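Below: one structure, written as structure tokens.
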Protein chains: 4
Amino acid sequence: MSGERAEGEGKSVTENASGRTGTDPGTDGGTADTIARDTVTDYWSTAVSRIRPGEILLRGYPVEQLIGQVTFAEQIWLLLRGDLPTPVQGRLLEAALVAAVDHGPQAPSIAAARMAATCGVGLNSAVATGTGLLGDVHGGAGQQCMEVLARITGGEDARAIVAEYRERRAYLPGFGHRFHPRDPRRDPLLALVAEAVDSGEVPGRALAAGLALEEALAEGRTRPVPMNIDGATAIIYAELGFPPELGRGLFVLSRSVGILAHAWEETETGTRIKGPLPRPLLAGYHGPAPRDVER
Amino acid sequence: MSGERAEGEGKSVTENASGRTGTDPGTDGGTADTIARDTVTDYWSTAVSRIRPGEILLRGYPVEQLIGQVTFAEQIWLLLRGDLPTPVQGRLLEAALVAAVDHGPQAPSIAAARMAATCGVGLNSAVATGTGLLGDVHGGAGQQCMEVLARITGGEDARAIVAEYRERRAYLPGFGHRFHPRDPRRDPLLALVAEAVDSGEVPGRALAAGLALEEALAEGRTRPVPMNIDGATAIIYAELGFPPELGRGLFVLSRSVGILAHAWEETETGTRIKGPLPRPLLAGYHGPAPRDVER
Amino acid sequence: MSGERAEGEGKSVTENASGRTGTDPGTDGGTADTIARDTVTDYWSTAVSRIRPGEILLRGYPVEQLIGQVTFAEQIWLLLRGDLPTPVQGRLLEAALVAAVDHGPQAPSIAAARMAATCGVGLNSAVATGTGLLGDVHGGAGQQCMEVLARITGGEDARAIVAEYRERRAYLPGFGHRFHPRDPRRDPLLALVAEAVDSGEVPGRALAAGLALEEALAEGRTRPVPMNIDGATAIIYAELGFPPELGRGLFVLSRSVGILAHAWEETETGTRIKGPLPRPLLAGYHGPAPRDVER
Amino acid sequence: MSGERAEGEGKSVTENASGRTGTDPGTDGGTADTIARDTVTDYWSTAVSRIRPGEILLRGYPVEQLIGQVTFAEQIWLLLRGDLPTPVQGRLLEAALVAAVDHGPQAPSIAAARMAATCGVGLNSAVATGTGLLGDVHGGAGQQCMEVLARITGGEDARAIVAEYRERRAYLPGFGHRFHPRDPRRDPLLALVAEAVDSGEVPGRALAAGLALEEALAEGRTRPVPMNIDGATAIIYAELGFPPELGRGLFVLSRSVGILAHAWEETETGTRIKGPLPRPLLAGYHGPAPRDVER
């Protein structure tokens with residue numbers, strides 16, 4: 001019965017209750033007073049770092065050799081990918097990280113971090129507040145765009161995908177911007193990718209896919225729908241071989257910089273408990289008229 | 001062209017960049033020095049509460065009339081639903097909230113909150129850490145179960161749904177428990193629902209749907225797959241007319257209690273920077289062997 | 001040397017690096033392949049709950065006996081305190097929890113949760129966002145007021161404390177409200193406490209301390225500075241024997257209700273990426289004029 | 001009366017209730033239907049970025065000029081400080097950011113992020129979970145060390161400060177490591193600072209202060225208490241002119257990289273609801289024996 005295994009294995013959904021095998025006496029007494037050390041240490045095993053007294057290896061490299069030798073962007077690459085990037089890979093990653101750091105206090109992630117900074121929590125909590133808001137809708141477009149690019153590099157047709165999105169009246173992630181007629185970050189980012197393609201440093205298939213989508217979107221329109229920051233960075237991350245989920249992850253690292261800068265600016269004002277509205281204004285109300293509790 | 005509007009309207013995904021209409025001069029100078037007050041206050045309008053000097057209305061009721069008159073569970077109902085519950089509705093909600101408060105430190109939400117409490121953040125941050133982990137996988141089964149119950153009360157067949165889940169080897173949310181052969185919270189919760197059905201206080205359709213699923217799951221098995229806490233509370237919330245999303249919301253309120261209790265217990269120990277492993281143990285490592293940076 | 005021990009013990013500040021005792025072989029090879037099971041299970045030991053297959057004890061009580069028997073507020077008491085409250089204790093706690101649920105979208109915690117709800121994160125993340133903001137400044141006044149009350153019940157003079165706060169130009173936590181000339185929640189809450197004092201259910205010392213502070217604050221002023229919600233609930237929590245930190249914790253549980261209600265209201269609007277300003281408006285700018293990167 | 005103003009102004013502690021000035025009619029009707037646009041847009045004004053259609057200025061620089069021209073570390077400097085760093089400043093910042101990225105899954109911030117990644121939340125929430133834990137105790141040592149360094153560069157004596165900490169049995173933030181006899185990150189970081197001092201690029205006063213503290217700590221001990229990562233980065237950030245709070249902020253940006261790498265590694269395992277203990281193990285229990293609810 002097919003569901004069996006799933007039912008048997010996926011049971012605990014809201015609760016991680018360590019299951020016990022047949023004769024395992026658990027904590028309730030019983031005879032097994034010792035356990036293999038590995039049972040526990042392997043459970044938390046990692047390939048990211050090895051920490052021993054006097055030693056910090058990051059992906060195998062002693063940290064003291066990395067300090068002063070690699071850039072912060074290269075270090076990010078190393079930790080996420082397991083090896084150091086080539087210089088060109090490093091510079092492309094650097095450019096994408098540089099491009100997405102901030103888009104102003106209109107963004108809820110930035111505004112929430114600024115408000116957090118006035119509530120008596122540390123800057124770390126303010127940053128956590130901001131990054132927490134970079135969910136599927138506010139921070140997921142790059143990841144979603146990478147998934148679309150992968151469909152095209154996997155053989156699908158850009159025009160068909162555009163038609164599909166139009167059919168279900170959905171926007172194509174990574175294209176168009178409510179605010180910028182043409183996102184100023186598009187051109188310099190794509191120029192860097194094109195350069196790397198020309199020199200044979202990256203394959204160029206994601207770039208081709210992105211441009212095909214842009215062209216398909218423009219067809220039959222008077223005003224084109226150019227790539228935005230999510231699209232341009234998606235191309236870079238895809239060219240560099242990052243999986244889509246890390247597109248989101250890298251965006252989080254990048255935008256954290258703007259979040260921190262804004263939280264710090266707000267901290268310096270000394271404002272306390274900053275709400276969305278300046279003091280003379282009150283939120284509107286459209287609920288029931290005053291009434292009495294009758295019990 | 002169907003996609004147009006979507007592209008035109010849904011553009012800004014990672015960025016809320018306030019769009020500007022045709023002749024709106026924005027901040028860049030221009031002539032419109034004033035704006036309608038409502039533009040701003042309506043944007044933050046709410047039906048939950050009206051706050052004026054000396055007045056706090058919650059869903060229209062003066063807070064001073066609610067204090068001492070309604071239970072905390074009834075207050076929760078009022079804020080989420082807009083009106084006060086009947087006594088039986090209030091008691092059913094109370095029972096569901098009471099049932100789900102804790103399932104021990106094995107759960108990542110509880111463990112993370114305990115660790116947070118040792119890191120020099122307030123109890124509010126510890127609670128935030130724990131509730132933040134009640135995502136689709138760890139806290140979403142109740143919500144998902146409510147969606148399944150709605151399919152059945154909407155006319156679908158329980159057996160067919162069970163077959164569908166087996167087909168795709170997925171567990172049915174709300175049923176079975178990796179840890180408990182029979183979840184001890186199932187029976188008392190369902191008994192309360194059955195009683196409320198008998199007295200005509202709730203319709204009973206979600207209860208019937210849940211029991212039908214449980215029966216369908218048991219067919220042809222030697223060991224049944226009884227409803228778990230997610231299933232039993234999903235039935236209660238569905239009988240009470242809550243939308244599935246609030247099934248998650250109510251679980252969060254309930255589990256916050258256990259999260260707080262555990263965070264506080266850990267705080268009182270005075271432990272600093274509690275990690276997952278006790279001090280003599282180190283996380284394992286399965287990454288590359290030590291190597292030199294060569295550049 | 002006094003600092004020695006501290007230096008020896010408190011070293012690892014940003015890092016929990018499991019220290020190793022003398023001959024402990026750690027993970028680096030060595031002979032100890034097994035460890036005492038208790039080393040690990042005791043490290044995560046708790047007095048809050050015992051979870052075994054088919055059993056959930058909360059503070060010793062089987063959960064199935066609590067369901068339908070205790071209110072949600074009593075369950076909160078049980079988990080935090082270890083025993084069930086008396087009926088009067090339960091009702092006082094209930095009243096305090098009911099009183100503090102919401103104060104509208106002007107509060108950053110509420111506004112941030114509403115914005116989170118539009119960013120594609122679950123309601124649990126929206127609640128985490130809101131509670132995360134209830135830090136020392138935004139959510140800590142009750143806790144701080146409890147600390148002041150404890151000074152008075154411990155023998156200090158209310159007038160002297162008021163003078164001390166005036167001296168350092170600090171506000172006294174729990175008194176006065178920027179918005180309400182008289183907080184409408186004060187009177188009903190204090191009336192309930194007074195009643196419980198009269199019937200001998202609570203000692204009344206925190207109430208006396210609070211009233212003494214209020215009186216001392218009013219002396220020589222034309223406009224008094226009445227107790228606010230933080231002060232009134234601080235009195236209740238202190239009368240009930242909660243430590244100050246849990247004053248914050250209980251406020252978090254209470255305000256989570258308003259946070260959830262607002263996040264849900266915003267979810268239902270379907271708004272995406274809600275920032276603090278409505279669309280026609282842009283954040284101001286007071287930074288440097290446009291300039292070129294010269295390198 | 002000195003406290004008056006404070007009491008009058010600092011009232012609202014848990015609540016941001018927009019105060020209203022004398023004759024302001026608020027939202028409750030009244031005559032002022034319009035407000036100055038600036039009232040609202042200035043409230044959210046920033047010097048970090050200016051966003052207009054087609055334009056993104058970061059601290060005055062067009063983003064398209066920064067892309068490909070500055071490193072990610074330089075961009076961080078620009079956003080936090082308002083101007084671009086010199087090459088040497090940029091490299092020192094880079095080294096400090098590179099040094100602190102990870103210290104393994106024993107750290108609660110890393111472990112919590114790994115657990116979050118298994119709960120059905122996005123990588124952004126996993127990162128938020130981890131950074132949220134970098135509070136005063138887990139992430140604050142660098143900031144605290146910078147405050148101590150500032151006392152010395154402000155004229156205080158290192159020996160006296162060490163004595164003061166010993167007196168109150170507190171550890172000196174930034175020195176010693178529970179795990180590493182000598183933190184491997186100390187030497188390469190200090191070497192880079194010394195080099196920059198020699199070339200006149202940084203003043204060298206924070207370095208001198210740190211070394212004086214290290215020397216004072218070692219006096220009369222057989223085993224010295226060398227600077228740790230928090231101390232070494234504190235020196236760099238102080239030499240570069242960052243305020244102590246940003247010491248924490250920069251640590252958050254750096255450690256976010258390790259948090260993301262670990263969260264991603266855990267995501268790839270496909271584990272669901274990872275708790276602190278592997279499955280055969282259950283948390284211990286030291287609460288009351290089973291008892292009945294008697295009411």
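We name chains A, B, ... following the order of the structure tokens; residues begin at 1 in each chain, and ligands are numbered from 1 as shown.
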Go through chain A residue by residue and, counting only C-alpha atoms, keep those with an atom at most 9 Å from chain C; for each kept residue give the shortest atom pair and its distance in Å to one decimal, ordered by chain and increasing number, as a tab-separated table.
residue	atom	partner	partner_atom	distance
A:Ala17	CA	C:Ile51	CA	8.0
A:Gly19	CA	C:Pro53	CA	8.3
A:Arg20	CA	C:Pro53	CA	8.6
A:Gly26	CA	C:Arg52	CA	8.9
A:Thr27	CA	C:Thr41	CA	7.8
A:Asp28	CA	C:Arg52	CA	8.5
A:Ala32	CA	C:Arg37	CA	7.7
A:Asp33	CA	C:Arg37	CA	5.5
A:Thr34	CA	C:Ala36	CA	4.3
A:Ile35	CA	C:Thr34	CA	5.3
A:Ala36	CA	C:Thr34	CA	4.3
A:Arg37	CA	C:Thr34	CA	4.8
A:Asp38	CA	C:Asp33	CA	7.5
A:Val40	CA	C:Val40	CA	8.2
A:Thr41	CA	C:Thr27	CA	8.1
A:Ile51	CA	C:Ala17	CA	8.1
A:Arg52	CA	C:Asp28	CA	8.2
A:Pro53	CA	C:Gly19	CA	8.5
A:Gly104	CA	C:Ala283	CA	7.6
A:Pro105	CA	C:Ala283	CA	6.5
A:Gln106	CA	C:Gly275	CA	5.1
A:Ala107	CA	C:Gly275	CA	5.2
A:Pro108	CA	C:Gly275	CA	4.4
A:Ser109	CA	C:Ala116	CA	8.0
A:Ile110	CA	C:Gly275	CA	8.7
A:Ala111	CA	C:Pro276	CA	6.7
A:Ala112	CA	C:Ala112	CA	5.3
A:Ala113	CA	C:Ala112	CA	8.7
A:Met115	CA	C:Pro108	CA	5.9
A:Ala116	CA	C:Leu133	CA	5.5
A:Ala117	CA	C:Leu133	CA	8.6
A:Thr118	CA	C:Val137	CA	7.6
A:Cys119	CA	C:His138	CA	4.9
A:Gly120	CA	C:Val137	CA	4.5
A:Val121	CA	C:Gly135	CA	5.1
A:Gly122	CA	C:Gly135	CA	8.8
A:Ser125	CA	C:Gly132	CA	7.4
A:Ala126	CA	C:Leu133	CA	8.4
A:Ala128	CA	C:Thr129	CA	8.8
A:Thr129	CA	C:Thr129	CA	6.0
A:Gly130	CA	C:Thr129	CA	8.8
A:Gly132	CA	C:Thr129	CA	7.4
A:Leu133	CA	C:Ala116	CA	5.5
A:Leu134	CA	C:Cys119	CA	6.7
A:Gly135	CA	C:Gly120	CA	4.9
A:Asp136	CA	C:Gly120	CA	4.7
A:Val137	CA	C:Gly120	CA	4.5
A:His138	CA	C:Cys119	CA	4.8
A:Gly139	CA	C:Cys119	CA	7.9
A:Gly140	CA	C:Gly120	CA	8.6
A:Arg272	CA	C:Val137	CA	7.2
A:Ile273	CA	C:His138	CA	6.0
A:Lys274	CA	C:Pro108	CA	6.0
A:Gly275	CA	C:Pro108	CA	4.4
A:Pro276	CA	C:Pro276	CA	5.3
A:Leu277	CA	C:Gln106	CA	6.5
A:Pro278	CA	C:Gln106	CA	9.0
A:Leu281	CA	C:Gln106	CA	8.9
A:Leu282	CA	C:Gln106	CA	7.0
A:Ala283	CA	C:Pro105	CA	6.5
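The residue set within 10 Å of Val70 in chain D, counting only C-alpha atoms and dropping same-chain residues fewer than 4 places from it, reads Arg91, Glu94, Ala95 and Val98 of chain A; Val293 and Arg295 of chain C; Gln65, Leu66, Glu74, Gln75, Ile76, Leu78, Leu84, Pro85 and Gly90 of chain D.
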Any chance you can output those residues with N, CA and C atoms as a PDB file, in the first residue's frame?
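Dumped everything to result13.pdb:
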ATOM      1  N   ARG A  91      34.562  37.965  -9.306  1.00  0.00           N
ATOM      2  CA  ARG A  91      34.143  39.332  -9.643  1.00  0.00           C
ATOM      3  C   ARG A  91      32.675  39.401 -10.052  1.00  0.00           C
ATOM      4  N   GLU A  94      30.730  39.210  -6.895  1.00  0.00           N
ATOM      5  CA  GLU A  94      30.913  40.512  -6.244  1.00  0.00           C
ATOM      6  C   GLU A  94      29.949  41.547  -6.836  1.00  0.00           C
ATOM      7  N   ALA A  95      29.875  41.591  -8.155  1.00  0.00           N
ATOM      8  CA  ALA A  95      29.019  42.592  -8.806  1.00  0.00           C
ATOM      9  C   ALA A  95      27.548  42.380  -8.442  1.00  0.00           C
ATOM     10  N   VAL A  98      26.999  43.483  -4.895  1.00  0.00           N
ATOM     11  CA  VAL A  98      27.053  44.938  -4.803  1.00  0.00           C
ATOM     12  C   VAL A  98      25.750  45.572  -5.291  1.00  0.00           C
TER      13      VAL A  98
ATOM     14  N   VAL C 293      31.620  57.986  -9.144  1.00  0.00           N
ATOM     15  CA  VAL C 293      32.643  57.131  -8.552  1.00  0.00           C
ATOM     16  C   VAL C 293      33.962  57.425  -9.263  1.00  0.00           C
ATOM     17  N   ARG C 295      37.826  56.369  -9.359  1.00  0.00           N
ATOM     18  CA  ARG C 295      38.789  55.385  -8.838  1.00  0.00           C
ATOM     19  C   ARG C 295      39.984  55.292  -9.761  1.00  0.00           C
TER      20      ARG C 295
ATOM     21  N   GLN D  65      27.409  52.873 -11.462  1.00  0.00           N
ATOM     22  CA  GLN D  65      28.852  53.146 -11.421  1.00  0.00           C
ATOM     23  C   GLN D  65      29.554  52.289 -10.369  1.00  0.00           C
ATOM     24  N   LEU D  66      28.799  51.850  -9.376  1.00  0.00           N
ATOM     25  CA  LEU D  66      29.404  51.036  -8.314  1.00  0.00           C
ATOM     26  C   LEU D  66      29.568  49.576  -8.759  1.00  0.00           C
ATOM     27  N   GLU D  74      33.753  46.904   0.106  1.00  0.00           N
ATOM     28  CA  GLU D  74      33.755  48.367  -0.050  1.00  0.00           C
ATOM     29  C   GLU D  74      32.330  48.914  -0.079  1.00  0.00           C
ATOM     30  N   GLN D  75      31.444  48.155  -0.686  1.00  0.00           N
ATOM     31  CA  GLN D  75      30.032  48.557  -0.730  1.00  0.00           C
ATOM     32  C   GLN D  75      29.456  48.582   0.691  1.00  0.00           C
ATOM     33  N   ILE D  76      29.835  47.608   1.497  1.00  0.00           N
ATOM     34  CA  ILE D  76      29.395  47.588   2.894  1.00  0.00           C
ATOM     35  C   ILE D  76      29.878  48.852   3.598  1.00  0.00           C
ATOM     36  N   LEU D  78      30.705  51.705   2.238  1.00  0.00           N
ATOM     37  CA  LEU D  78      30.002  52.868   1.689  1.00  0.00           C
ATOM     38  C   LEU D  78      28.638  53.041   2.341  1.00  0.00           C
ATOM     39  N   LEU D  84      33.373  56.055   0.245  1.00  0.00           N
ATOM     40  CA  LEU D  84      34.142  54.865  -0.103  1.00  0.00           C
ATOM     41  C   LEU D  84      35.430  54.822   0.709  1.00  0.00           C
ATOM     42  N   PRO D  85      35.897  53.631   1.046  1.00  0.00           N
ATOM     43  CA  PRO D  85      37.133  53.505   1.824  1.00  0.00           C
ATOM     44  C   PRO D  85      38.353  53.662   0.918  1.00  0.00           C
ATOM     45  N   GLY D  90      39.650  49.244   2.857  1.00  0.00           N
ATOM     46  CA  GLY D  90      38.808  48.192   2.294  1.00  0.00           C
ATOM     47  C   GLY D  90      39.370  46.805   2.563  1.00  0.00           C
TER      48      GLY D  90
END
task = May I ask which of the residues D:Val48, D:Cys145, D:Val101, D:Val63 is the closest one to Glu245 in chain D, counting only C-alpha atoms?
result =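 The shortest atom-to-atom distance to Glu245 in chain D comes from D:Cys145.
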message = Using DSSP secondary structure from the backbone, list all alpha helix (DSSP H) positions within range 33-253 of chain B, as an MDAnalysis selection string.
response = chainID B and resid 37:41 63:66 72:81 87:99 108:116 123:132 141:153 158:167 186:198 205:218 229:239 244:253
task = Write out as a ChimeraX atom specification which residues come within 10 Å of range 189-194 of chain C when counting only C-alpha atoms, dropping same-chain ones fewer than 5 positions away.
result = /B:64,67-68 /C:88-89,91-92,95-96,99,184,199-204,206-208,210-211,227,229,231-233,235-236,239-240
Store the residues of this selection in a file with C-alpha atoms, as an mmCIF file, in the first residue's frame.
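The new file result-v4.cif reads:
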data_model
loop_
_atom_site.group_PDB
_atom_site.id
_atom_site.type_symbol
_atom_site.label_atom_id
_atom_site.label_comp_id
_atom_site.auth_asym_id
_atom_site.auth_seq_id
_atom_site.Cartn_x
_atom_site.Cartn_y
_atom_site.Cartn_z
ATOM 1 C CA GLU B 64 -12.716 48.232 29.854
ATOM 2 C CA ILE B 67 -11.542 43.088 31.011
ATOM 3 C CA GLY B 68 -12.916 40.730 33.627
ATOM 4 C CA VAL C 88 -9.021 33.837 41.499
ATOM 5 C CA GLN C 89 -5.406 33.684 40.377
ATOM 6 C CA ARG C 91 -9.090 35.119 36.607
ATOM 7 C CA LEU C 92 -6.577 37.840 37.411
ATOM 8 C CA ALA C 95 -7.839 39.828 32.869
ATOM 9 C CA ALA C 96 -4.258 40.989 32.372
ATOM 10 C CA ALA C 99 -6.242 43.808 28.522
ATOM 11 C CA PRO C 184 -8.871 53.101 30.062
ATOM 12 C CA SER C 199 -10.937 38.575 49.697
ATOM 13 C CA GLY C 200 -7.441 37.695 50.851
ATOM 14 C CA GLU C 201 -6.514 35.974 47.611
ATOM 15 C CA VAL C 202 -3.453 38.082 46.862
ATOM 16 C CA PRO C 203 -1.262 39.971 49.350
ATOM 17 C CA GLY C 204 -1.847 43.464 48.015
ATOM 18 C CA ALA C 206 2.361 45.366 44.816
ATOM 19 C CA LEU C 207 -0.945 47.195 44.519
ATOM 20 C CA ALA C 208 -0.003 49.391 47.461
ATOM 21 C CA GLY C 210 1.887 51.003 42.593
ATOM 22 C CA LEU C 211 -0.613 53.359 44.171
ATOM 23 C CA MET C 227 -0.762 54.208 35.764
ATOM 24 C CA ILE C 229 -1.359 49.254 30.963
ATOM 25 C CA GLY C 231 1.846 49.501 35.357
ATOM 26 C CA ALA C 232 -1.534 47.876 35.924
ATOM 27 C CA THR C 233 -0.486 44.521 34.526
ATOM 28 C CA ILE C 235 0.840 44.989 39.616
ATOM 29 C CA ILE C 236 -1.216 41.936 38.698
ATOM 30 C CA GLU C 239 0.693 40.117 43.053
ATOM 31 C CA LEU C 240 0.525 36.704 41.414
#
request  = Work out how far CA of Ala218 in chain A is from CA of Glu195 in chain A, in Å to one decimal.
outcome  =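 Between these atoms lies a distance of 24.2 Å.
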query = Near Pro226 in chain C, counting only C-alpha atoms, which residues have an atom at most 8 Å away, once you skip same-chain residues fewer than 3 positions from it, shown as an NGL selection string?
reply = :C and (175-176 or 182-183 or 214)
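CA of Leu93 in chain C to CA of Gly249 in chain C spans 12.7 Å [interatomic distance, one decimal].
The nearest approach to Leu217 in chain B among the residues B:Arg151, B:Val162, B:Glu268, B:Gly287, with only C-alpha atoms taken into account, belongs to B:Val162.
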Which residues are close to Leu246 in chain D, i.e. within 10 Å by only C-alpha atoms, leaving aside same-chain residues fewer than 6 positions away? Reply as a short mmCIF file (atom, residue, chain, number, x, y, z; two decimals) with N, CA, C and O atoms, in the first residue's frame.
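This went into selection_4.cif:
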data_model
loop_
_atom_site.label_atom_id
_atom_site.label_comp_id
_atom_site.auth_asym_id
_atom_site.auth_seq_id
_atom_site.Cartn_x
_atom_site.Cartn_y
_atom_site.Cartn_z
N LEU A 123 21.19 45.41 17.07
CA LEU A 123 21.24 45.51 15.60
C LEU A 123 21.07 44.14 14.97
O LEU A 123 20.54 44.01 13.87
N ASN A 124 21.51 43.08 15.68
CA ASN A 124 21.32 41.75 15.12
C ASN A 124 19.83 41.43 14.97
O ASN A 124 19.42 40.82 13.98
N LEU A 260 21.09 46.70 7.42
CA LEU A 260 21.93 47.15 8.53
C LEU A 260 22.17 48.66 8.47
O LEU A 260 22.10 49.36 9.49
N ALA A 261 22.45 49.16 7.28
CA ALA A 261 22.73 50.60 7.15
C ALA A 261 21.51 51.42 7.58
O ALA A 261 21.64 52.44 8.27
N TRP A 264 20.92 51.16 11.37
CA TRP A 264 21.90 51.96 12.10
C TRP A 264 21.57 53.45 11.99
O TRP A 264 21.66 54.20 12.96
N LEU D 80 27.50 51.92 5.17
CA LEU D 80 27.52 52.18 6.61
C LEU D 80 28.17 53.52 6.95
O LEU D 80 27.81 54.15 7.94
N GLY D 142 32.47 41.54 20.51
CA GLY D 142 33.24 42.48 19.71
C GLY D 142 32.86 43.91 20.05
O GLY D 142 33.72 44.78 20.27
N GLN D 143 31.55 44.15 20.09
CA GLN D 143 31.05 45.47 20.45
C GLN D 143 31.54 45.89 21.84
O GLN D 143 32.02 47.01 22.04
N MET D 146 35.18 46.75 21.80
CA MET D 146 35.42 48.08 21.24
C MET D 146 35.19 49.16 22.29
O MET D 146 35.86 50.19 22.30
N TYR D 237 38.00 47.12 13.55
CA TYR D 237 36.86 48.04 13.38
C TYR D 237 37.13 49.37 14.09
O TYR D 237 36.74 50.43 13.59
N ALA D 238 37.79 49.31 15.23
CA ALA D 238 38.10 50.55 15.94
C ALA D 238 39.13 51.37 15.16
O ALA D 238 39.00 52.60 15.04
N VAL D 252 27.54 40.44 12.42
CA VAL D 252 26.31 39.82 11.92
C VAL D 252 26.41 39.56 10.42
O VAL D 252 26.07 38.48 9.94
#
